[in-house]
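run-v3.cif, holding mmCIF, C-alpha atoms:
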```cif
data_model
#
loop_
_atom_site.label_atom_id
_atom_site.label_comp_id
_atom_site.auth_asym_id
_atom_site.auth_seq_id
_atom_site.Cartn_x
_atom_site.Cartn_y
_atom_site.Cartn_z
CA MET A 25 -41.71 8.73 48.86
CA SER A 26 -40.45 6.68 51.74
CA LEU A 27 -36.83 7.19 52.73
CA LEU A 28 -36.67 3.93 54.66
CA ALA A 29 -34.93 0.99 53.00
CA PRO A 30 -36.98 -2.19 52.72
CA THR A 31 -36.32 -4.92 55.30
CA HIS A 32 -35.73 -8.62 54.77
CA THR A 33 -38.90 -10.53 53.87
CA THR A 34 -37.37 -14.01 53.66
CA PRO A 35 -38.08 -16.43 56.56
CA ARG A 36 -35.21 -17.33 58.83
CA GLY A 37 -33.05 -20.18 57.66
CA HIS A 38 -33.38 -19.30 53.95
CA VAL A 39 -30.35 -18.25 51.95
CA VAL A 40 -30.50 -14.57 50.93
CA LEU A 41 -28.26 -12.70 48.50
CA GLN A 42 -26.93 -9.63 50.26
CA PRO A 43 -27.53 -6.23 48.58
CA THR A 44 -23.77 -5.77 48.17
CA TYR A 45 -23.75 -8.67 45.72
CA PHE A 46 -25.63 -6.54 43.17
CA THR A 47 -23.13 -3.68 43.37
CA CYS A 48 -20.22 -6.13 43.07
CA SER A 49 -18.41 -7.05 39.86
CA LEU A 50 -19.85 -10.58 40.13
CA PHE A 51 -23.24 -9.16 39.14
CA VAL A 52 -22.45 -5.82 37.49
CA ASP A 53 -20.03 -7.07 34.82
CA PRO A 54 -22.23 -9.92 33.48
CA ALA A 55 -25.35 -7.72 33.67
CA ARG A 56 -23.58 -4.97 31.72
CA GLU A 57 -22.55 -7.50 29.06
CA ASP A 58 -26.12 -8.81 28.81
CA ILE A 59 -27.44 -5.28 28.29
CA ASP A 60 -24.79 -4.62 25.64
CA HIS A 61 -25.79 -7.86 23.90
CA LEU A 62 -29.47 -6.91 23.99
CA ILE A 63 -28.79 -3.48 22.49
CA ARG A 64 -26.47 -4.92 19.84
CA ILE A 65 -29.07 -7.48 18.71
CA TYR A 66 -31.73 -4.78 18.51
CA ALA A 67 -29.45 -2.50 16.47
CA GLU A 68 -28.66 -5.32 14.03
CA ARG A 69 -32.33 -6.26 13.62
CA TYR A 70 -33.36 -2.62 13.24
CA ALA A 71 -30.69 -1.97 10.59
CA ARG A 72 -32.11 -4.60 8.28
CA SER A 73 -33.75 -3.19 5.17
CA PRO A 74 -36.43 -1.95 5.27
CA PRO A 75 -36.51 -0.46 8.82
CA PRO A 76 -39.30 -1.86 11.02
CA SER A 77 -42.60 0.01 11.05
CA GLN A 78 -43.06 -0.84 14.75
CA PRO A 79 -39.62 -0.43 16.44
CA PHE A 80 -40.95 -1.01 19.96
CA VAL A 81 -42.78 -4.20 18.93
CA LEU A 82 -39.47 -5.44 17.55
CA PHE A 83 -37.77 -4.64 20.87
CA LYS A 84 -40.44 -6.47 22.90
CA ASP A 85 -40.04 -9.51 20.62
CA ILE A 86 -36.27 -9.57 21.25
CA TRP A 87 -36.84 -8.97 24.98
CA SER A 88 -39.15 -11.99 25.24
CA ASN A 89 -37.19 -14.34 22.97
CA HIS A 90 -33.97 -13.82 24.93
CA GLY A 91 -35.54 -14.51 28.33
CA TRP A 92 -35.56 -11.00 29.77
CA THR A 93 -39.17 -11.51 30.91
CA TRP A 94 -37.90 -13.81 33.68
CA LEU A 95 -35.41 -11.32 35.08
CA HIS A 96 -37.82 -10.02 37.72
CA PHE A 97 -37.99 -13.46 39.34
CA LYS A 98 -34.26 -13.51 40.05
CA VAL A 99 -34.61 -12.05 43.56
CA PHE A 100 -37.54 -12.19 46.00
CA ASP A 101 -36.19 -10.77 49.27
CA ALA A 102 -37.29 -7.12 49.47
CA ARG A 103 -34.00 -5.64 50.68
CA SER A 104 -31.90 -7.48 48.11
CA ARG A 105 -34.50 -6.89 45.42
CA ASP A 106 -34.32 -3.13 45.99
CA ALA A 107 -30.57 -3.16 45.25
CA PHE A 108 -31.11 -5.49 42.27
CA LEU A 109 -33.70 -3.20 40.68
CA LYS A 110 -31.72 0.00 41.27
CA VAL A 111 -28.47 -1.40 39.88
CA THR A 112 -30.11 -2.95 36.82
CA MET A 113 -31.92 0.28 35.96
CA GLN A 114 -28.74 2.26 36.54
CA LEU A 115 -26.89 -0.04 34.11
CA PHE A 116 -29.55 0.63 31.48
CA SER A 117 -29.30 4.38 32.13
CA GLU A 118 -25.53 4.25 31.49
CA ARG A 119 -26.27 3.70 27.80
CA LEU A 120 -28.43 6.85 27.65
CA ALA A 121 -25.41 9.18 27.68
CA GLU A 122 -25.05 11.72 24.85
CA SER A 123 -21.78 10.07 23.82
CA GLU A 124 -23.72 6.98 22.74
CA TYR A 125 -25.11 6.52 19.23
CA PRO A 126 -28.81 7.59 19.09
CA LEU A 127 -30.00 4.07 18.19
CA THR A 128 -28.16 2.72 21.23
CA ARG A 129 -29.78 5.37 23.44
CA ALA A 130 -33.22 4.50 22.06
CA ALA A 131 -32.72 0.78 22.71
CA ALA A 132 -31.46 1.49 26.23
CA LEU A 133 -34.53 3.66 26.92
CA PHE A 134 -36.81 0.89 25.64
CA GLY A 135 -35.03 -1.56 27.96
CA LEU A 136 -35.26 0.76 30.96
CA TYR A 137 -38.96 1.41 30.35
CA THR A 138 -39.78 -2.27 29.77
CA PHE A 139 -37.90 -3.38 32.89
CA PHE A 140 -39.69 -0.73 34.98
CA ALA A 141 -43.17 -1.31 33.51
CA THR A 142 -43.05 -5.12 33.83
CA GLN A 143 -42.41 -5.19 37.57
CA PRO A 144 -44.97 -7.65 39.02
CA SER A 145 -47.79 -5.66 40.59
CA ILE A 146 -49.93 -8.62 41.68
CA SER A 147 -48.18 -11.59 43.24
CA VAL A 148 -48.39 -13.78 46.32
CA PRO A 149 -46.36 -13.04 48.31
CA PRO A 150 -46.08 -9.45 46.99
CA LEU A 151 -42.75 -8.49 45.43
CA HIS A 152 -40.97 -5.22 46.18
CA ALA A 153 -41.18 -2.76 43.26
CA LEU A 154 -39.19 0.38 42.50
CA ASP A 155 -41.19 3.57 41.98
CA ASN A 156 -38.44 5.84 40.70
CA LEU A 157 -34.82 5.97 39.60
CA PRO A 158 -32.30 8.64 40.65
CA VAL A 159 -30.86 10.43 37.59
CA THR A 160 -28.68 13.53 37.37
CA ILE A 161 -30.17 16.75 36.04
CA ASP A 162 -27.87 16.82 32.99
CA MET A 163 -28.77 13.22 32.11
CA TYR A 164 -32.46 14.07 32.43
CA GLN A 165 -32.14 17.14 30.21
CA SER A 166 -30.24 15.25 27.51
CA LEU A 167 -32.84 12.49 27.65
CA LEU A 168 -35.63 14.96 26.96
CA LYS A 169 -33.75 16.07 23.83
CA LEU A 170 -33.42 12.52 22.51
CA PRO A 171 -36.44 12.78 20.13
CA ASP A 172 -34.82 15.80 18.46
CA VAL A 173 -31.67 13.76 17.74
CA LEU A 174 -33.66 11.14 15.78
CA GLU A 175 -33.78 13.36 12.70
CA THR A 176 -32.46 11.09 9.93
CA ASP A 177 -34.66 8.90 7.75
CA PHE A 178 -33.01 5.85 9.28
CA LEU A 179 -33.90 6.85 12.87
CA ARG A 180 -37.14 8.76 12.35
CA PRO A 181 -39.43 5.69 12.92
CA LEU A 182 -38.17 5.60 16.52
CA ARG A 183 -39.25 9.13 17.32
CA PRO A 184 -42.98 8.66 18.19
CA HIS A 185 -42.17 5.64 20.36
CA ILE A 186 -39.42 7.52 22.23
CA ILE A 187 -41.80 10.43 22.83
CA TYR A 188 -44.45 8.08 24.21
CA VAL A 189 -42.00 6.25 26.50
CA LEU A 190 -40.63 9.52 27.91
CA SER A 191 -44.17 10.80 28.46
CA ALA A 192 -45.18 7.58 30.24
CA LEU A 193 -42.12 7.70 32.53
CA GLN A 194 -42.74 11.36 33.35
CA LYS A 195 -46.40 10.65 34.07
CA ALA A 196 -45.35 7.88 36.46
CA GLN A 197 -42.90 10.34 38.14
CA PHE A 198 -40.17 7.81 37.47
CA PHE A 199 -37.24 10.23 37.40
CA HIS A 200 -35.88 11.34 40.77
CA ILE A 201 -33.75 14.34 39.80
CA LEU A 202 -30.33 14.72 41.43
CA PRO A 203 -27.67 17.45 41.05
CA SER A 204 -25.30 17.55 38.10
CA SER A 205 -23.14 14.51 37.39
CA ASN A 206 -19.91 16.45 38.02
CA LEU A 207 -20.89 16.41 41.72
CA TYR A 208 -21.19 12.57 41.69
CA PRO A 209 -24.56 12.44 43.49
CA LEU A 210 -25.40 8.82 42.63
CA ASN A 211 -25.09 6.08 45.24
CA PRO A 212 -23.04 4.08 44.54
CA ARG A 213 -20.87 6.67 42.84
CA GLU A 214 -19.77 4.16 40.19
CA LEU A 215 -20.43 0.52 39.33
CA PRO A 216 -19.12 -1.94 40.28
CA ARG A 217 -18.51 -0.62 43.78
CA GLU A 218 -16.80 -3.83 44.94
CA ARG A 219 -14.35 -5.93 42.94
CA PHE A 220 -14.16 -9.69 43.34
CA ILE A 221 -10.63 -11.10 43.11
CA SER A 222 -10.41 -14.86 42.76
CA ASP A 223 -7.80 -16.67 44.89
CA ILE A 224 -7.45 -19.61 42.48
CA ALA A 225 -5.33 -20.02 39.38
CA ASP A 226 -8.08 -18.77 37.09
CA GLY A 227 -8.02 -15.45 38.91
CA TYR A 228 -4.48 -14.47 37.91
CA GLU A 229 -5.73 -12.32 35.04
CA GLN A 230 -8.12 -10.49 37.36
CA VAL A 231 -5.29 -9.86 39.81
CA ALA A 232 -3.13 -8.50 37.00
CA SER A 233 -5.97 -6.23 35.89
CA ALA A 234 -6.49 -4.98 39.43
CA THR A 235 -2.81 -4.15 39.88
CA THR A 236 -2.91 -1.78 36.91
CA ASN A 237 -4.94 0.58 39.10
CA ALA A 238 -2.52 0.25 42.01
CA PRO A 239 -0.74 3.39 43.32
CA LYS A 240 2.10 4.52 41.08
CA LYS A 241 5.50 3.27 42.12
CA LYS A 242 8.24 5.76 42.90
CA GLY A 243 10.96 6.36 40.35
CA ARG A 244 10.96 5.85 36.62
CA PRO A 245 8.83 3.01 35.22
CA SER A 246 10.79 -0.03 34.18
CA LYS A 247 10.93 -1.29 30.59
CA HIS A 248 8.68 -4.18 31.60
CA ASP A 249 6.10 -1.77 33.04
CA LYS A 250 6.12 0.30 29.83
CA VAL A 251 5.62 -2.77 27.63
CA LYS A 252 2.84 -4.08 29.86
CA LYS A 253 1.07 -0.71 29.88
CA SER A 254 1.27 -0.53 26.08
CA LYS A 255 -0.17 -4.02 25.68
CA ASP A 256 -3.01 -3.24 28.10
CA ALA A 257 -3.82 -0.08 26.13
CA VAL A 258 -3.94 -2.02 22.84
CA VAL A 259 -6.22 -4.66 24.35
CA ALA A 260 -8.53 -1.98 25.79
CA LEU A 261 -8.66 -0.23 22.39
CA ASP A 262 -9.53 -3.49 20.62
CA LYS A 263 -12.34 -4.15 23.09
CA TRP A 264 -13.69 -0.63 22.64
CA LEU A 265 -13.63 -0.96 18.85
CA ASP A 266 -15.47 -4.30 19.05
CA LYS A 267 -18.01 -2.83 21.43
CA THR A 268 -18.69 0.24 19.27
CA ALA A 269 -18.74 -1.53 15.90
CA TYR A 270 -21.85 -0.86 13.85
CA THR A 271 -23.32 -3.04 11.08
CA TYR A 272 -25.81 -1.62 8.61
CA GLN A 273 -27.44 -2.63 5.32
CA PRO A 274 -26.51 -0.33 2.40
CA SER A 275 -29.37 0.85 0.23
CA GLN A 276 -29.96 -1.02 -3.02
CA ALA A 277 -29.38 1.35 -5.91
CA THR A 278 -30.70 -0.89 -8.71
CA SER A 279 -32.44 -4.23 -9.11
CA SER A 280 -29.10 -6.02 -9.03
CA GLU A 281 -27.82 -8.16 -6.18
CA VAL A 282 -28.59 -7.13 -2.63
CA PRO A 283 -25.46 -5.50 -1.14
CA GLN A 284 -23.74 -7.22 1.75
CA PRO A 285 -24.00 -5.72 5.26
CA VAL A 286 -21.21 -3.29 6.05
CA THR A 287 -19.46 -3.20 9.42
CA THR A 288 -17.86 0.08 10.46
CA HIS A 289 -17.46 2.26 13.52
CA ILE A 290 -20.41 4.21 14.87
CA LEU A 291 -18.62 7.58 14.69
CA LEU A 292 -17.60 6.98 11.05
CA SER A 293 -21.12 6.14 9.85
CA HIS A 294 -23.06 8.50 12.11
CA PRO A 295 -21.19 11.68 13.14
CA PRO A 296 -21.97 12.90 16.67
CA SER A 297 -24.15 15.81 15.53
CA THR A 298 -25.28 16.73 19.06
CA THR A 299 -21.71 17.03 20.34
CA ARG A 300 -20.71 18.98 17.24
CA ASN A 301 -23.56 21.45 17.66
CA ASN A 302 -22.74 21.91 21.35
CA TYR A 303 -19.11 22.58 20.43
CA ARG A 304 -20.10 25.16 17.83
CA ALA A 305 -22.39 26.94 20.28
CA LYS A 306 -19.68 27.12 22.98
CA LYS A 307 -17.10 28.27 20.42
CA SER A 308 -19.36 31.07 19.16
CA GLU A 309 -19.95 32.21 22.73
CA LEU A 310 -16.21 32.25 23.42
CA LEU A 311 -15.34 34.19 20.25
CA GLU A 312 -18.12 36.68 20.92
CA LYS A 313 -16.57 37.48 24.32
CA LEU A 314 -12.96 37.56 23.11
CA ASP A 315 -13.51 39.54 19.89
CA PRO A 316 -17.01 41.09 19.89
CA ASP A 317 -16.12 43.78 17.32
CA TYR A 318 -14.81 41.44 14.60
CA PRO A 319 -14.07 42.20 11.77
CA TYR A 320 -13.57 45.79 12.99
CA VAL A 321 -10.38 46.71 14.83
CA THR A 322 -10.73 48.66 18.07
CA THR A 323 -8.17 50.31 20.29
CA GLU A 324 -8.45 47.52 22.87
CA GLU A 325 -7.56 44.21 21.26
CA LEU A 326 -6.93 42.10 24.35
CA GLY A 327 -9.23 39.30 23.21
CA ARG A 328 -7.72 39.09 19.73
CA ALA A 329 -4.22 39.21 21.20
CA ALA A 330 -5.13 36.26 23.43
CA LEU A 331 -6.36 34.35 20.37
CA GLU A 332 -3.10 35.09 18.53
CA ARG A 333 -1.00 33.87 21.46
CA ALA A 334 -3.08 30.69 21.79
CA ASN A 335 -2.85 29.97 18.05
CA GLN A 336 0.87 30.56 17.95
CA GLY A 337 1.41 28.43 21.06
CA VAL A 338 -0.38 25.46 19.49
CA VAL A 339 1.56 25.85 16.23
CA ASN A 340 4.90 26.02 18.09
CA ARG A 341 4.13 22.85 20.04
CA LEU A 342 3.10 20.97 16.90
CA GLN A 343 6.21 22.15 15.06
CA LYS A 344 8.35 20.82 17.89
CA ILE A 345 6.53 17.48 17.82
CA ASP A 346 6.97 17.33 14.03
CA GLU A 347 10.71 18.00 14.34
CA GLU A 348 11.13 15.26 16.93
CA ALA A 349 9.14 12.84 14.79
CA ALA A 350 11.18 13.69 11.69
CA ALA A 351 14.39 13.01 13.61
CA LYS A 352 13.11 9.48 14.19
CA GLY A 353 12.02 9.01 10.58
CA MET A 354 8.31 9.39 11.35
CA GLU A 355 5.56 11.49 9.79
CA ILE A 356 2.56 12.83 11.69
CA GLY A 357 -0.84 13.58 10.18
CA GLY A 358 0.11 13.38 6.52
CA GLU A 359 -2.38 10.72 5.48
CA GLY A 360 -5.20 13.11 4.60
CA GLY A 361 -3.36 15.44 2.23
CA GLU A 362 -4.06 19.13 2.69
CA ARG A 363 -6.92 18.39 5.10
CA THR A 364 -4.57 17.13 7.81
CA GLY A 365 -1.06 17.71 9.05
CA LEU A 366 1.03 20.58 10.32
CA ARG A 367 0.84 22.60 7.09
CA ARG A 368 -2.93 23.00 7.41
CA VAL A 369 -2.59 24.02 11.05
CA GLU A 370 -0.06 26.69 10.10
CA ARG A 371 -2.29 28.03 7.32
CA ALA A 372 -5.32 28.13 9.66
CA ALA A 373 -3.33 30.09 12.24
CA ASP A 374 -2.17 32.55 9.54
CA GLU A 375 -5.80 33.20 8.55
CA LEU A 376 -6.55 34.75 11.96
CA GLY A 377 -7.62 38.36 11.47
CA LYS A 378 -8.03 38.07 7.69
CA THR A 379 -11.55 39.12 6.80
CA GLY A 380 -13.35 36.71 4.48
CA SER A 381 -11.25 33.65 5.32
CA LEU A 382 -12.73 30.66 7.15
CA GLY A 383 -10.23 31.09 9.96
CA GLY A 384 -10.44 34.87 10.06
CA ARG A 385 -12.13 35.08 13.43
CA GLY A 386 -10.71 32.16 15.35
CA GLY A 387 -7.76 30.79 13.43
CA LEU A 388 -7.39 27.21 14.63
CA LEU A 389 -10.91 27.40 16.06
CA GLY A 390 -12.14 27.49 12.46
CA LEU A 391 -10.71 24.08 11.50
CA LEU A 392 -14.16 22.50 11.73
CA GLU A 393 -15.48 25.01 9.20
CA GLY A 394 -12.56 24.38 6.80
CA ALA A 395 -9.91 26.84 7.90
CA GLY A 396 -6.46 26.11 6.49
CA ILE A 397 -7.66 24.14 3.47
CA GLY A 398 -6.24 25.49 0.25
CA GLN A 399 -3.00 26.34 -1.38
CA PRO A 400 -0.45 28.02 0.87
CA SER A 401 0.15 31.65 0.08
#
```

What does the file become when written as structure tokens?
Amino acid sequence: MSLLAPTHTTPRGHVVLQPTYFTCSLFVDPAREDIDHLIRIYAERYARSPPPSQPFVLFKDIWSNHGWTWLHFKVFDARSRDAFLKVTMQLFSERLAESEYPLTRAAALFGLYTFFATQPSISVPPLHALDNLPVTIDMYQSLLKLPDVLETDFLRPLRPHIIYVLSALQKAQFFHILPSSNLYPLNPRELPRERFISDIADGYEQVASATTNAPKKKGRPSKHDKVKKSKDAVVALDKWLDKTAYTYQPSQATSSEVPQPVTTHILLSHPPSTTRNNYRAKKSELLEKLDPDYPYVTTEELGRAALERANQGVVNRLQKIDEEAAAKGMEIGGEGGERTGLRRVERAADELGKTGSLGGRGGLLGLLEGAGIGQPS
């Protein structure tokens, strides 16, 4: 692999987009929106009943019909094209994170593979092509586990296609493995690297958005700053909810009318099973180190004492929050009955050390398994 960056291939006198344009918000933000739109359309088409027998054929049809086949002819200069290809592939790889819904990850992988595989190999003059994409080791490992996540009947048709795509990319030595993402090895570290701020009237909103990331002013925030920060948070939450909305077609129970599509949030319709399993594994490892002899009591109970202190500390903090909320006429976490609220937390903490109870080993760490649910003693 050559470590030398490509040079300009455009004759003198021709206008050339500089590589920094493709790491700037002028390109990154619209490209990111286009990728989101592509994935959303694919998810909607895939969710129609019955699921497609050829998921990748469906993706290629959407890719062609929405003009993605012409994307490679956007840039011809080799140096600018190198930045264009790297940034576009990196934007696709952003949607491969474990926090994304599996269908979103599958569509992003299809897009990444299609964009890579359709680079023109025969053209006059020849166009610069990208042989590999830098990815962090943790991203690569989670990507290899993607077929195992597609375990439901709804997602199972994707599995053979995902396996083939991953095999083809590995065979092409497409992945250039970098250290873990917590070391920020990618270059640029984040996208967009440069922000464009308009100097005309239409750019006032962009200026206001940019100032929210300005250094914190000394002293207490003013009432105006608090209101503005609250409004910005609400707007950001609305955008996130719109972005992560998921529409699916309910199954038809009888020969009656076809049910209408249902729009909900991804996490409500498809629990993050991978994250949940990782949490359970880490929790079991922690409890095994803190209290390896459970349910037996040994002379040295340092681990169990630490669990008791942690449980009691959380309960005390929540009780204080509940008291402050009650003083203002508010109620916290009472919407779900016995499954939510302070009372369940207190019961789960009391179960610590009681053999046979769901919270016997970890107390509050057993909430996921149902600790604290039941009638108070």

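The space separating CA of Asp106 in chain A from CA of Ile201 in chain A comes to 18.5 Å.
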
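One finds CA of Glu57 in chain A at 17.2 Å from CA of Val259 in chain A.
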
May I have the residues within 9 Å of range 326-329 of chain A as a list in words, using only C-alpha atoms and disregarding those fewer than 5 positions away in the same chain?
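In the requested form, the answer reads Leu311, Lys313, Leu314, Asp315, Pro316, Ala334, Leu376, Gly377, Arg385 and Gly386 of chain A.
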
Please determine, counting all atoms listed in the file, which residue among A:Gly394, A:His152, A:Ala351, A:Tyr66 has the shortest atom-to-atom distance to Ala102 in chain A.
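Using all atoms listed in the file, the shortest distance to Ala102 in chain A belongs to A:His152.
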
When you look at range 175-181 of chain A with a cut-off of 9 Å (counting all atoms listed in the file), what residues show up, excluding the ones that are within fewer than 3 positions of it in the same chain? I need them as a PDB file with C-alpha atoms, in the coordinates of the input.
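Contents of part-v7.pdb, as written:
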```
ATOM      1  CA  ALA A  71     -30.690  -1.970  10.590  1.00  0.00           C
ATOM      2  CA  PRO A  75     -36.510  -0.460   8.820  1.00  0.00           C
ATOM      3  CA  PRO A  76     -39.300  -1.860  11.020  1.00  0.00           C
ATOM      4  CA  SER A  77     -42.600   0.010  11.050  1.00  0.00           C
ATOM      5  CA  GLN A  78     -43.060  -0.840  14.750  1.00  0.00           C
ATOM      6  CA  PRO A  79     -39.620  -0.430  16.440  1.00  0.00           C
ATOM      7  CA  PRO A 126     -28.810   7.590  19.090  1.00  0.00           C
ATOM      8  CA  LEU A 127     -30.000   4.070  18.190  1.00  0.00           C
ATOM      9  CA  PRO A 171     -36.440  12.780  20.130  1.00  0.00           C
ATOM     10  CA  ASP A 172     -34.820  15.800  18.460  1.00  0.00           C
ATOM     11  CA  PRO A 184     -42.980   8.660  18.190  1.00  0.00           C
ATOM     12  CA  HIS A 185     -42.170   5.640  20.360  1.00  0.00           C
TER      13      HIS A 185
END
```

Could you check the closest approach to Ile86 in chain A for each of A:Ala257, A:Ala131, A:Leu207, A:Val99 and tell me which residue wins, using all atoms listed in the file?
A:Ala131

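Interatomic distance, CA of Lys250 in chain A to CA of Glu348 in chain A: 20.4 Å.
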
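Remark: for Ile63 in chain A, the closest of the candidate residues A:Arg183, A:Arg119, A:Lys98, A:Lys378 is A:Arg119 (distances computed over all atoms listed in the file).
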
List the neighbours of Gly135 in chain A out to 10 Å using all atoms listed in the file; skip same-chain residues closer than 6 positions along the sequence, and give me the result as a list in words.
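Counting only the stated atoms, we get Ile59, Leu62, Ile63, Phe80, Phe83, Lys84, Trp87, Trp92, Met113, Phe116, Ser117, Arg129 and Ala141 of chain A.
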
I need the chosen residues saved as a short mmCIF file (atom, residue, chain, number, x, y, z; two decimals), keeping the file's coordinate frame, with C-alpha atoms.
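Resulting contents of result10.cif:
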```cif
data_model
loop_
_atom_site.label_atom_id
_atom_site.label_comp_id
_atom_site.auth_asym_id
_atom_site.auth_seq_id
_atom_site.Cartn_x
_atom_site.Cartn_y
_atom_site.Cartn_z
CA ILE A 59 -27.44 -5.28 28.29
CA LEU A 62 -29.47 -6.91 23.99
CA ILE A 63 -28.79 -3.48 22.49
CA PHE A 80 -40.95 -1.01 19.96
CA PHE A 83 -37.77 -4.64 20.87
CA LYS A 84 -40.44 -6.47 22.90
CA TRP A 87 -36.84 -8.97 24.98
CA TRP A 92 -35.56 -11.00 29.77
CA MET A 113 -31.92 0.28 35.96
CA PHE A 116 -29.55 0.63 31.48
CA SER A 117 -29.30 4.38 32.13
CA ARG A 129 -29.78 5.37 23.44
CA ALA A 141 -43.17 -1.31 33.51
#
```

Draw an axis-aligned box tight on the listed atoms of range 252-259 of chain A, then pad every side by 5 Å and write out centre and edge lengths in Å to one decimal as lines of an AutoDock Vina configuration file.
```
center_x = -1.7
center_y = -2.4
center_z = 26.4
size_x = 19.1
size_y = 14.6
size_z = 17.0
```

Taking 6 positions as the minimum chain separation for residues in the same chain, which residues sit within 12 Å of Phe140 in chain A when counting all atoms listed in the file? Answer as an NGL selection string.
:A and (93 or 95-96 or 109-110 or 112-114 or 116-117 or 133-134 or 153-157 or 189 or 192-193 or 196-199)

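With all atoms listed in the file as the atoms that count, the residue of A:Asn335, A:Leu342, A:Leu120, A:Lys263 with the shortest distance to Ser166 in chain A is A:Leu120.
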
I would like the residues chosen by the PyMOL selection byres ((chain A and resi 147-151) around 9) on the shown file; could you give them as a PDB file with C-alpha atoms, in the frame of the given file?
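Now in part_11.pdb:
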```pdb
ATOM      1  CA  PHE A 100     -37.540 -12.190  46.000  1.00  0.00           C
ATOM      2  CA  ASP A 101     -36.190 -10.770  49.270  1.00  0.00           C
ATOM      3  CA  ALA A 102     -37.290  -7.120  49.470  1.00  0.00           C
ATOM      4  CA  ARG A 105     -34.500  -6.890  45.420  1.00  0.00           C
ATOM      5  CA  GLN A 143     -42.410  -5.190  37.570  1.00  0.00           C
ATOM      6  CA  PRO A 144     -44.970  -7.650  39.020  1.00  0.00           C
ATOM      7  CA  SER A 145     -47.790  -5.660  40.590  1.00  0.00           C
ATOM      8  CA  ILE A 146     -49.930  -8.620  41.680  1.00  0.00           C
ATOM      9  CA  HIS A 152     -40.970  -5.220  46.180  1.00  0.00           C
ATOM     10  CA  ALA A 153     -41.180  -2.760  43.260  1.00  0.00           C
TER      11      ALA A 153
END
```

Apply the PyMOL selection byres ((chain A and resi 372) around 9) to the file shown and report the selected residues as a list in words.
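Applied to this file, the PyMOL selection byres ((chain A and resi 372) around 9) returns Asn335, Arg367, Arg368, Val369, Glu370, Arg371, Ala373, Asp374, Glu375, Leu376, Leu382, Gly383, Gly384, Gly386, Gly387, Leu388, Leu389, Gly390, Leu391, Gly394, Ala395, Gly396 and Ile397 of chain A.
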
Once the PyMOL selection byres ((chain A and resi 217) around 12) has been evaluated on this model, what residues remain selected, and can you format them as an mmCIF file with C-alpha atoms, in the frame of the given file?
```
data_model
loop_
_atom_site.group_PDB
_atom_site.id
_atom_site.type_symbol
_atom_site.label_atom_id
_atom_site.label_comp_id
_atom_site.auth_asym_id
_atom_site.auth_seq_id
_atom_site.Cartn_x
_atom_site.Cartn_y
_atom_site.Cartn_z
ATOM 1 C CA PRO A 43 -27.530 -6.230 48.580
ATOM 2 C CA THR A 44 -23.770 -5.770 48.170
ATOM 3 C CA TYR A 45 -23.750 -8.670 45.720
ATOM 4 C CA PHE A 46 -25.630 -6.540 43.170
ATOM 5 C CA THR A 47 -23.130 -3.680 43.370
ATOM 6 C CA CYS A 48 -20.220 -6.130 43.070
ATOM 7 C CA SER A 49 -18.410 -7.050 39.860
ATOM 8 C CA LEU A 50 -19.850 -10.580 40.130
ATOM 9 C CA PHE A 51 -23.240 -9.160 39.140
ATOM 10 C CA VAL A 52 -22.450 -5.820 37.490
ATOM 11 C CA ASP A 53 -20.030 -7.070 34.820
ATOM 12 C CA VAL A 111 -28.470 -1.400 39.880
ATOM 13 C CA LEU A 210 -25.400 8.820 42.630
ATOM 14 C CA ASN A 211 -25.090 6.080 45.240
ATOM 15 C CA PRO A 212 -23.040 4.080 44.540
ATOM 16 C CA ARG A 213 -20.870 6.670 42.840
ATOM 17 C CA GLU A 214 -19.770 4.160 40.190
ATOM 18 C CA LEU A 215 -20.430 0.520 39.330
ATOM 19 C CA PRO A 216 -19.120 -1.940 40.280
ATOM 20 C CA GLU A 218 -16.800 -3.830 44.940
ATOM 21 C CA ARG A 219 -14.350 -5.930 42.940
ATOM 22 C CA PHE A 220 -14.160 -9.690 43.340
#
```
